[in-house]
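my_file.txt, holding compact mmCIF, C-alpha atoms:
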```
# COMPACT_ATOMS: atom_id res chain seq x y z
CA MET A 20 147.27 -55.94 13.23
CA ARG A 21 146.42 -52.63 11.59
CA ARG A 22 142.71 -53.52 11.57
CA LYS A 23 142.89 -54.52 15.24
CA VAL A 24 144.44 -51.19 16.18
CA GLY A 25 141.85 -49.37 14.08
CA GLY A 26 138.98 -51.20 15.79
CA CYS A 27 140.34 -50.40 19.23
CA PHE A 28 140.77 -46.74 18.25
CA ILE A 29 137.19 -46.49 17.04
CA LEU A 30 135.92 -48.14 20.22
CA LEU A 31 137.91 -45.75 22.37
CA ILE A 32 136.43 -42.75 20.55
CA ALA A 33 132.92 -44.20 20.93
CA ILE A 34 133.38 -44.83 24.65
CA SER A 35 134.80 -41.35 25.10
CA LEU A 36 131.85 -39.73 23.32
CA CYS A 37 129.29 -41.82 25.20
CA CYS A 38 130.86 -41.09 28.60
CA ARG A 39 130.99 -37.39 27.85
CA SER A 40 127.37 -37.52 26.80
CA ALA A 41 126.41 -39.23 30.05
CA LEU A 42 128.08 -36.55 32.15
CA ALA A 43 127.35 -33.29 30.39
CA GLY A 44 123.91 -31.76 30.49
CA ARG A 45 122.51 -28.35 29.69
CA ILE A 46 120.20 -26.83 32.26
CA LEU A 47 118.08 -23.73 31.74
CA TRP A 48 118.04 -21.76 34.99
CA ASP A 49 114.93 -19.61 35.00
CA ASP A 50 115.48 -16.18 36.46
CA SER A 51 112.55 -14.59 34.64
CA HIS A 52 110.07 -15.23 37.49
CA ASP A 53 112.35 -14.12 40.28
CA THR A 54 112.12 -10.74 41.96
CA ASP A 55 114.52 -10.99 44.87
CA GLY A 56 117.87 -11.32 43.17
CA ASP A 57 118.61 -15.03 42.97
CA GLU A 58 121.55 -14.96 40.59
CA LEU A 59 124.07 -17.56 39.47
CA THR A 60 126.72 -14.89 39.87
CA GLY A 61 125.38 -13.87 43.30
CA ASN A 62 123.94 -15.96 46.09
CA TYR A 63 123.99 -19.07 43.89
CA ALA A 64 127.58 -18.69 42.68
CA ALA A 65 128.75 -21.65 44.77
CA PHE A 66 125.88 -23.70 43.40
CA ALA A 67 126.85 -22.77 39.83
CA THR A 68 130.45 -23.78 40.52
CA LEU A 69 129.26 -27.09 41.95
CA MET A 70 127.17 -27.79 38.87
CA ALA A 71 130.08 -26.96 36.58
CA SER A 72 132.33 -29.33 38.51
CA ALA A 73 129.68 -32.02 38.02
CA GLY A 74 129.79 -31.47 34.25
CA GLN A 75 126.49 -29.57 34.04
CA THR A 76 126.15 -26.32 32.12
CA LEU A 77 123.73 -23.79 33.60
CA VAL A 78 122.24 -21.26 31.20
CA GLU A 79 120.48 -18.36 32.91
CA LEU A 80 117.20 -17.18 31.39
CA ASN A 81 116.55 -13.56 32.25
CA GLY A 82 113.57 -11.40 31.36
CA SER A 83 110.00 -11.48 32.60
CA PRO A 84 107.09 -13.95 32.66
CA GLY A 85 106.52 -15.26 29.15
CA ALA A 86 110.24 -15.84 28.57
CA ILE A 87 109.93 -19.62 28.82
CA THR A 88 109.16 -20.69 25.27
CA PRO A 89 109.86 -23.78 23.15
CA GLN A 90 112.73 -21.80 21.64
CA ALA A 91 114.24 -21.07 25.06
CA LEU A 92 113.95 -24.75 26.00
CA ASN A 93 115.40 -25.97 22.72
CA GLY A 94 118.68 -27.81 23.25
CA MET A 95 118.22 -28.05 27.02
CA ASN A 96 118.21 -31.30 28.95
CA ALA A 97 116.49 -29.84 31.99
CA VAL A 98 114.91 -26.67 33.30
CA TYR A 99 115.26 -25.35 36.83
CA LEU A 100 112.39 -23.19 38.05
CA TRP A 101 113.78 -21.42 41.05
CA ASP A 102 111.93 -19.53 43.74
CA THR A 103 109.28 -18.23 41.41
CA GLU A 104 107.65 -15.11 42.78
CA LEU A 105 105.88 -14.25 39.52
CA ALA A 106 103.20 -16.46 38.01
CA PHE A 107 103.81 -18.63 34.98
CA THR A 108 101.74 -17.80 31.94
CA ASN A 109 99.51 -20.42 30.39
CA SER A 110 101.78 -20.63 27.35
CA GLU A 111 104.78 -21.21 29.61
CA ILE A 112 103.01 -24.04 31.43
CA THR A 113 102.13 -25.63 28.09
CA ALA A 114 105.71 -25.27 26.85
CA LEU A 115 107.05 -26.85 30.04
CA HIS A 116 104.59 -29.75 29.91
CA ASN A 117 105.56 -30.41 26.29
CA PHE A 118 109.24 -30.23 27.24
CA VAL A 119 108.79 -32.84 30.00
CA ALA A 120 106.68 -35.06 27.73
CA ALA A 121 109.51 -34.98 25.20
CA GLY A 122 111.97 -36.27 27.81
CA GLY A 123 113.22 -33.07 29.42
CA GLY A 124 113.81 -32.90 33.15
CA MET A 125 112.27 -30.28 35.41
CA PHE A 126 113.27 -29.22 38.90
CA VAL A 127 110.91 -26.91 40.74
CA ALA A 128 112.16 -25.42 44.00
CA VAL A 129 110.51 -22.84 46.22
CA GLY A 130 112.14 -21.15 49.09
CA CYS A 131 110.14 -18.59 50.88
CA ARG A 132 106.67 -17.32 51.44
CA HIS A 133 104.87 -14.17 50.42
CA GLY A 134 107.84 -12.69 48.65
CA SER A 135 110.35 -12.68 51.47
CA ALA A 136 113.89 -13.08 50.23
CA ASP A 137 115.97 -16.22 50.33
CA GLN A 138 118.43 -16.39 53.14
CA MET B 9 106.50 -17.48 46.00
CA ASP B 10 103.75 -18.03 43.52
CA LEU B 11 102.11 -21.30 44.49
CA PRO B 12 98.97 -21.38 42.29
CA THR B 13 100.71 -21.54 38.92
CA SER B 14 103.60 -23.63 40.28
CA ASN B 15 101.05 -26.16 41.45
CA ALA B 16 99.19 -25.99 38.13
CA LEU B 17 102.50 -26.77 36.47
CA LEU B 18 103.19 -29.71 38.78
CA ALA B 19 99.67 -31.17 38.97
CA PRO B 20 100.02 -33.61 36.01
CA TYR B 21 102.97 -35.23 37.80
CA GLY B 22 101.20 -35.70 41.16
CA LEU B 23 103.30 -33.04 42.91
CA SER B 24 102.30 -29.91 44.79
CA PHE B 25 103.61 -27.37 47.26
CA ASP B 26 101.73 -26.69 50.46
CA GLU B 27 101.32 -23.35 52.15
CA SER B 28 102.67 -24.64 55.44
CA MET B 29 106.09 -23.17 55.99
CA THR B 30 108.83 -25.46 57.25
CA ALA B 31 111.14 -24.31 59.98
CA ALA B 32 114.92 -24.58 59.90
CA SER B 33 115.69 -28.20 60.40
CA THR B 34 117.77 -31.19 59.54
CA VAL B 35 116.09 -33.79 57.38
CA SER B 36 117.37 -37.34 57.50
CA ARG B 37 116.20 -40.71 56.22
CA PHE B 38 115.24 -40.88 52.56
CA TYR B 39 113.70 -43.50 50.37
CA PRO B 40 116.16 -45.20 48.02
CA HIS B 41 116.23 -43.41 44.67
CA PRO B 42 118.96 -42.07 42.36
CA ILE B 43 118.20 -38.62 43.80
CA THR B 44 118.87 -39.73 47.37
CA ALA B 45 121.81 -42.05 46.72
CA GLY B 46 124.52 -41.19 49.23
CA VAL B 47 122.39 -38.49 50.86
CA ASN B 48 122.03 -39.09 54.59
CA THR B 49 121.17 -35.64 55.91
CA ILE B 50 120.26 -32.29 54.41
CA GLU B 51 119.81 -28.94 56.09
CA THR B 52 116.92 -26.61 55.35
CA ILE B 53 116.09 -23.08 56.47
CA PHE B 54 112.49 -22.51 55.46
CA GLY B 55 110.24 -23.06 52.53
CA ALA B 56 107.24 -25.24 51.79
CA THR B 57 106.30 -28.85 52.20
CA VAL B 58 105.74 -31.02 49.14
CA GLY B 59 102.62 -33.10 48.67
CA VAL B 60 102.27 -36.14 46.44
CA SER B 61 99.35 -37.91 44.80
CA GLY B 62 98.92 -40.76 42.37
CA SER B 63 102.19 -42.45 41.49
CA ALA B 64 104.49 -39.62 42.56
CA ILE B 65 107.04 -40.56 45.21
CA ASP B 66 107.67 -38.81 48.51
CA LEU B 67 111.41 -39.28 48.95
CA THR B 68 111.45 -38.44 52.65
CA VAL B 69 110.61 -41.05 55.27
CA ALA B 70 109.47 -38.81 58.12
CA GLY B 71 106.26 -36.86 57.73
CA GLY B 72 105.27 -33.32 58.65
CA THR B 73 107.77 -30.61 57.87
CA SER B 74 110.26 -33.20 56.63
CA ASP B 75 108.13 -33.67 53.51
CA ILE B 76 110.35 -31.48 51.42
CA LEU B 77 111.45 -33.64 48.49
CA ALA B 78 109.40 -35.62 45.97
CA VAL B 79 109.67 -36.90 42.43
CA SER B 80 107.27 -37.83 39.66
CA ALA B 81 106.76 -41.40 38.55
CA ALA B 82 108.61 -42.59 35.45
CA PRO B 83 108.88 -41.86 32.61
CA TYR B 84 108.81 -38.23 33.66
CA ARG B 85 111.79 -36.63 35.40
CA VAL B 86 110.20 -33.94 37.52
CA VAL B 87 111.52 -33.09 40.99
CA ALA B 88 109.92 -30.79 43.57
CA PHE B 89 111.85 -29.40 46.53
CA GLY B 90 110.59 -27.05 49.22
CA ASP B 91 113.62 -24.97 50.13
CA THR B 92 115.95 -23.21 47.71
CA ASN B 93 118.02 -22.08 50.69
CA THR B 94 119.40 -25.61 50.91
CA PHE B 95 121.33 -24.83 47.74
CA THR B 96 122.77 -21.55 48.90
CA GLY B 97 124.23 -23.54 51.78
CA ILE B 98 125.68 -26.36 49.74
CA ALA B 99 128.60 -26.84 52.14
CA ALA B 100 126.22 -28.04 54.85
CA ALA B 101 125.51 -31.71 55.42
CA ASP B 102 124.84 -33.61 52.17
CA ASN B 103 123.28 -30.61 50.43
CA ALA B 104 125.87 -30.65 47.62
CA LYS B 105 125.39 -34.35 47.03
CA LEU B 106 121.64 -33.83 46.73
CA ALA B 107 122.18 -31.00 44.24
CA ILE B 108 124.43 -33.13 42.05
CA ASN B 109 122.07 -36.11 42.19
CA ILE B 110 119.13 -33.95 41.14
CA ALA B 111 121.14 -32.51 38.24
CA ASN B 112 122.25 -35.94 37.10
CA PHE B 113 118.68 -37.23 37.34
CA THR B 114 116.97 -34.35 35.57
CA ALA B 115 119.60 -33.36 33.00
CA VAL B 116 120.19 -36.68 31.31
CA PRO B 117 121.31 -35.83 27.79
CA GLU B 118 120.04 -37.65 24.78
CA PRO B 119 122.52 -40.26 23.59
CA SER B 120 125.17 -38.68 21.40
CA VAL B 121 124.33 -39.38 17.76
CA ALA B 122 128.01 -39.34 16.85
CA GLY B 123 128.75 -41.79 19.64
CA LEU B 124 126.00 -44.16 18.54
CA VAL B 125 127.15 -44.04 14.91
CA ILE B 126 130.72 -44.84 15.89
CA VAL B 127 129.57 -47.69 18.16
CA ALA B 128 127.61 -49.11 15.22
CA ILE B 129 130.65 -48.85 12.93
CA ALA B 130 132.85 -50.47 15.56
CA ALA B 131 130.36 -53.30 16.03
CA ARG B 132 130.15 -53.90 12.28
CA PHE B 133 133.94 -53.83 12.02
CA SER B 134 134.17 -56.40 14.81
CA VAL B 135 131.65 -58.72 13.12
CA ARG B 136 133.54 -58.55 9.81
CA ARG B 137 136.78 -59.40 11.59
CA ARG B 138 135.20 -62.45 13.22
CA LYS B 139 133.78 -63.66 9.89
CA SER B 140 137.11 -63.29 8.14
CA ALA B 141 139.00 -65.05 10.96
```
Could you rewrite the structure in this file as structure tokens?
Amino acid sequence: MRRKVGGCFILLIAISLCCRSALAGRILWDDSHDTDGDELTGNYAAFATLMASAGQTLVELNGSPGAITPQALNGMNAVYLWDTELAFTNSEITALHNFVAAGGGMFVAVGCRHGSADQ
Amino acid sequence: MDLPTSNALLAPYGLSFDESMTAASTVSRFYPHPITAGVNTIETIFGATVGVSGSAIDLTVAGGTSDILAVSAAPYRVVAFGDTNTFTGIAAADNAKLAINIANFTAVPEPSVAGLVIVAIAARFSVRRRKSA
């Protein structure tokens, strides 16, 4: 009886860990190529709340072009490249290609033309 | 937006953004895919259309300015979308559902090592119980 209870307990922990793993992801939100103020605490606050409710953790990457490095991508499950007004550097493109080749997800979204701001 | 380097980034996956600007519209009818599951209609404001080549998949059925969503072929998990404004207006149509589907598709975590170890222990425990029974 004790062994049976122990087996069930272990299985419950395993299922719990696996389910949590299936739901929770870490997403790097690139803000280092944006010039018109797309912020998770600003016009994308509702989006950030939605992602959190879906079990996803958004991590904002600030700075300037060149900020996307293997170190910045380390530990992330996906990267979101959002409304990039500034060009990616060659080293960033290489880092992103390597990230995707290693199983990382990438979402590239554009929103406007010639630098006009998002609505 | 900077299209040249974005397209250089996307080229290996058969995806690209086109200069043609889309107008505000409602996009309906999508090809079946985990990204479009439960998504019937999305609203856009303006952005760019998405082109595909090779094995990449255009997830929209209608052509023209409705070509706004596409995904790479497996095993890669790369998604291109032509209007960020859709995600500032997540309350509209099925925009929120699309956002969640994209997150779930792109941000699939690696299996938990701890979880896998415990599953292995549980399986071994179960086998030993059956042998001793």
Around all the atoms of range 85-100 of chain A listed in the file, draw an axis-aligned box and extend it by 3 Å on each of the six sides; I want its centre and edge lengths in Å to one decimal, as lines of an AutoDock Vina configuration file.
```
center_x = 112.6
center_y = -23.3
center_z = 29.8
size_x = 18.2
size_y = 22.0
size_z = 22.4
```
Checklist entry - In Å, with one decimal, what is the gap from CA of Leu92 in chain A to CA of Glu27 in chain B? => result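 Here the two named atoms are 29.1 Å from each other.
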Next on the checklist: My list of candidates is B:Thr94, B:Ser74, B:Asn15, B:Asn103. Which is closest to Asn48 in chain B when distances are computed with only C-alpha atoms?
Outcome noted: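 With only C-alpha atoms as the atom set, the closest residue is B:Asn103.
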Checklist entry - In Å, how far is it from CA of Pro84 in chain A to CA of Leu100 in chain A? => result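 Atom-to-atom, CA of Pro84 in chain A to CA of Leu100 in chain A, that is 11.9 Å.
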Checklist entry - Using all atoms listed in the file, which residue out of B:Ala88, B:Ala115, B:Ala100, B:Val35 lies closest to Gly59 in chain B? => result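 Using all atoms listed in the file, Gly59 in chain B sits closest to B:Ala88.
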Ala101 in chain B: which residues within 8 Å, counting all atoms listed in the file, same-chain residues fewer than 6 positions away excluded, as a JSON list (two decimals) with C-alpha atoms, keeping the file's coordinate frame?
```
[["chain", "number", "residue", "atom", "x", "y", "z"],
["B", 49, "THR", "CA", 121.17, -35.64, 55.91],
["B", 50, "ILE", "CA", 120.26, -32.29, 54.41],
["B", 51, "GLU", "CA", 119.81, -28.94, 56.09]]
```
Checklist entry - Neighbours of Gly74 in chain A within 8 Å (only C-alpha atoms; same-chain residues fewer than 3 positions away dropped), as a PyMOL selection string? => result chain A and resi 42-44+70-71
Next on the checklist: Measuring between only C-alpha atoms, which one of A:Gly61, A:Ser51, A:Gly94, A:Phe126 shows the shortest distance to Ile43 in chain B?
Outcome noted: A:Phe126
Next on the checklist: Could you check the closest approach to chain B for each of A:Ala114, A:Val78, A:Ala91, A:Ala73 and tell me which residue wins, using all atoms listed in the file?
Outcome noted: A:Ala73
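Checking B:Tyr84, B:Leu11, B:Phe38, B:Val47 one by one against Ser63 in chain B, counting only C-alpha atoms, you find the shortest gap at B:Tyr84.
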Next on the checklist: For a quick check of understanding, using all atoms listed in the file, which of B:Gly90, B:Gly55, B:Gly71, B:Pro12 has the smallest distance to Ser36 in chain B?
Outcome noted: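 Ranked by minimum distance to Ser36 in chain B, first place goes to B:Gly71.
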Checklist entry - Hey, can you check how far CA of Arg45 in chain A sits from CA of Met125 in chain A? => result 11.9 Å
Next on the checklist: Residues near Val60 in chain B, anyone? I mean within 7 Å using all atoms listed in the file, not counting same-chain ones fewer than 6 positions away, as a ChimeraX atom specification.
Outcome noted: /B:22-24,66
Checklist entry - Taking (109.5, -10.1, 29.6) in the file's coordinates as the center, which residues reach within 12 Å of it, counting all atoms listed in the file, put as a ChimeraX atom specification? => result /A:50-53,80-88,105,107-108
Checklist entry - Could you name the residues that touch Pro83 in chain B at 10 Å or less, counting all atoms listed in the file, but leaving out those on the same chain fewer than 3 positions away, as a ChimeraX atom specification? => result /A:119-120,122 /B:80,86
